[in-house]
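Notes follow the structure.
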Amino acid sequence: MPIRRVGRPGLIGLAARTAVVAGTASAVSGAMSNNRQRKQQSEYEQQQYQAAQQQAAMQQAAQQAVAQQQAAPAAPAAPAPAAGGVDIVAELQKLAALKDAGVLSDAEFAAAKAKLLG
(Lines give C-alpha, C1' and ligand atoms only; values in the text may rest on other atoms or scores of the structure.)
Protein backbone atom coordinates (compact mmCIF):
# COMPACT_ATOMS: atom_id res chain seq x y z
CA MET A 1 0.00 0.00 0.00
CA PRO A 2 1.49 3.33 -1.08
CA ILE A 3 2.07 5.97 1.51
CA ARG A 4 0.37 9.32 0.83
CA ARG A 5 2.23 12.45 1.60
CA VAL A 6 0.37 15.25 3.28
CA GLY A 7 1.24 18.83 2.48
CA ARG A 8 2.66 19.60 -0.94
CA PRO A 9 1.06 17.92 -3.94
CA GLY A 10 2.88 15.35 -5.97
CA LEU A 11 4.27 15.82 -9.44
CA ILE A 12 1.03 14.77 -11.15
CA GLY A 13 -1.09 17.12 -9.03
CA LEU A 14 1.29 20.00 -9.74
CA ALA A 15 1.20 19.28 -13.48
CA ALA A 16 -2.60 19.11 -13.43
CA ARG A 17 -2.87 22.41 -11.56
CA THR A 18 -0.43 24.06 -13.98
CA ALA A 19 -2.44 22.78 -16.95
CA VAL A 20 -5.65 24.22 -15.50
CA VAL A 21 -4.03 27.61 -14.91
CA ALA A 22 -2.47 27.63 -18.38
CA GLY A 23 -5.77 26.62 -19.99
CA THR A 24 -7.64 29.34 -18.14
CA ALA A 25 -5.03 31.93 -19.10
CA SER A 26 -5.18 30.99 -22.78
CA ALA A 27 -9.00 31.02 -22.73
CA VAL A 28 -9.03 34.50 -21.19
CA SER A 29 -6.38 35.70 -23.63
CA GLY A 30 -8.36 34.30 -26.56
CA ALA A 31 -11.57 35.94 -25.37
CA MET A 32 -9.81 39.28 -24.96
CA SER A 33 -8.32 38.97 -28.44
CA ASN A 34 -11.73 38.16 -29.93
CA ASN A 35 -13.33 41.13 -28.16
CA ARG A 36 -10.59 43.46 -29.35
CA GLN A 37 -10.94 42.15 -32.91
CA ARG A 38 -14.74 42.63 -32.87
CA LYS A 39 -14.32 46.17 -31.54
CA GLN A 40 -11.77 47.04 -34.22
CA GLN A 41 -14.02 45.58 -36.92
CA SER A 42 -16.95 47.63 -35.64
CA GLU A 43 -14.85 50.81 -35.60
CA TYR A 44 -13.64 50.11 -39.14
CA GLU A 45 -17.20 49.60 -40.38
CA GLN A 46 -18.28 52.84 -38.69
CA GLN A 47 -15.43 54.74 -40.35
CA GLN A 48 -16.34 53.28 -43.74
CA TYR A 49 -19.98 54.26 -43.26
CA GLN A 50 -19.02 57.82 -42.33
CA ALA A 51 -16.69 58.07 -45.32
CA ALA A 52 -19.47 56.89 -47.63
CA GLN A 53 -21.89 59.43 -46.15
CA GLN A 54 -19.34 62.22 -46.58
CA GLN A 55 -18.65 61.17 -50.17
CA ALA A 56 -22.38 61.15 -50.95
CA ALA A 57 -22.77 64.63 -49.46
CA MET A 58 -19.86 65.92 -51.53
CA GLN A 59 -21.30 64.44 -54.71
CA GLN A 60 -24.68 65.99 -53.98
CA ALA A 61 -23.06 69.39 -53.37
CA ALA A 62 -21.14 69.06 -56.64
CA GLN A 63 -24.33 68.22 -58.53
CA GLN A 64 -26.08 71.22 -57.00
CA ALA A 65 -23.15 73.46 -57.95
CA VAL A 66 -23.25 72.21 -61.54
CA ALA A 67 -27.01 72.81 -61.67
CA GLN A 68 -26.52 76.34 -60.29
CA GLN A 69 -23.78 77.07 -62.81
CA GLN A 70 -25.94 75.87 -65.68
CA ALA A 71 -28.91 77.94 -64.51
CA ALA A 72 -26.88 81.05 -63.60
CA PRO A 73 -25.59 82.08 -67.10
CA ALA A 74 -29.13 82.29 -68.53
CA ALA A 75 -30.58 84.59 -65.86
CA PRO A 76 -28.03 87.42 -65.30
CA ALA A 77 -27.45 88.09 -68.99
CA ALA A 78 -28.30 91.82 -68.89
CA PRO A 79 -27.74 93.36 -65.44
CA ALA A 80 -27.20 97.11 -65.21
CA PRO A 81 -23.61 98.24 -64.53
CA ALA A 82 -24.66 99.91 -61.26
CA ALA A 83 -26.06 96.63 -59.94
CA GLY A 84 -23.07 94.71 -61.29
CA GLY A 85 -20.97 95.42 -58.17
CA VAL A 86 -23.50 93.70 -55.93
CA ASP A 87 -23.69 90.70 -58.26
CA ILE A 88 -19.89 90.31 -58.25
CA VAL A 89 -19.84 90.30 -54.45
CA ALA A 90 -22.64 87.74 -54.36
CA GLU A 91 -20.89 85.57 -56.94
CA LEU A 92 -17.61 85.78 -55.01
CA GLN A 93 -19.45 84.71 -51.87
CA LYS A 94 -20.97 81.76 -53.74
CA LEU A 95 -17.54 80.78 -55.04
CA ALA A 96 -16.07 81.01 -51.55
CA ALA A 97 -18.87 78.82 -50.20
CA LEU A 98 -18.24 76.23 -52.91
CA LYS A 99 -14.51 76.30 -52.17
CA ASP A 100 -15.15 75.89 -48.42
CA ALA A 101 -17.48 72.97 -49.15
CA GLY A 102 -14.68 71.30 -51.10
CA VAL A 103 -16.50 71.44 -54.44
CA LEU A 104 -13.92 73.79 -56.01
CA SER A 105 -10.17 73.41 -55.79
CA ASP A 106 -7.90 76.40 -55.15
CA ALA A 107 -7.02 76.63 -58.84
CA GLU A 108 -10.67 76.50 -59.94
CA PHE A 109 -11.57 79.14 -57.36
CA ALA A 110 -8.76 81.44 -58.53
CA ALA A 111 -9.77 81.03 -62.18
CA ALA A 112 -13.44 81.76 -61.48
CA LYS A 113 -12.53 84.77 -59.33
CA ALA A 114 -10.26 86.16 -62.06
CA LYS A 115 -13.04 85.68 -64.61
CA LEU A 116 -15.51 87.59 -62.39
CA LEU A 117 -13.12 90.43 -61.64
CA GLY A 118 -12.22 90.89 -65.27
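We label chains A, B, ... in the order they appear in the C-alpha coordinates, count residues from 1 in each chain, and number ligands from 1 in the order shown.
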
Within 9 Å of Lys113 of chain A, counting only C-alpha atoms, which residues qualify if same-chain residues fewer than 6 places away don't, as a ChimeraX atom specification? /A:91-92,95

Next, dump the selected residues to file, keeping only N, CA and C atoms, as a CSV table (one decimal), in the first residue's frame.
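Output contents, as saved in again.csv:
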```
chain,number,residue,atom,x,y,z
A,91,GLU,N,-21.5,86.7,-56.2
A,91,GLU,CA,-20.9,85.6,-56.9
A,91,GLU,C,-19.6,85.1,-56.2
A,92,LEU,N,-18.8,86.1,-55.8
A,92,LEU,CA,-17.6,85.8,-55.0
A,92,LEU,C,-17.9,85.0,-53.7
A,95,LEU,N,-18.8,81.5,-54.7
A,95,LEU,CA,-17.5,80.8,-55.0
A,95,LEU,C,-16.8,80.4,-53.8
```

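Atom pair atom CA of Gln64 of chain A / atom CA of Gln50 of chain A has a distance of 21.1 Å (rounded to one decimal).
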
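Restricting the calculation to only C-alpha atoms, the smallest distance between Ala62 of chain A and any of A:Ala22, A:Met32, A:Leu104, A:Ala96 is found for A:Leu104.
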
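Of note, atom CA of Glu45 of chain A and atom CA of Met58 of chain A are spaced 19.9 Å apart.
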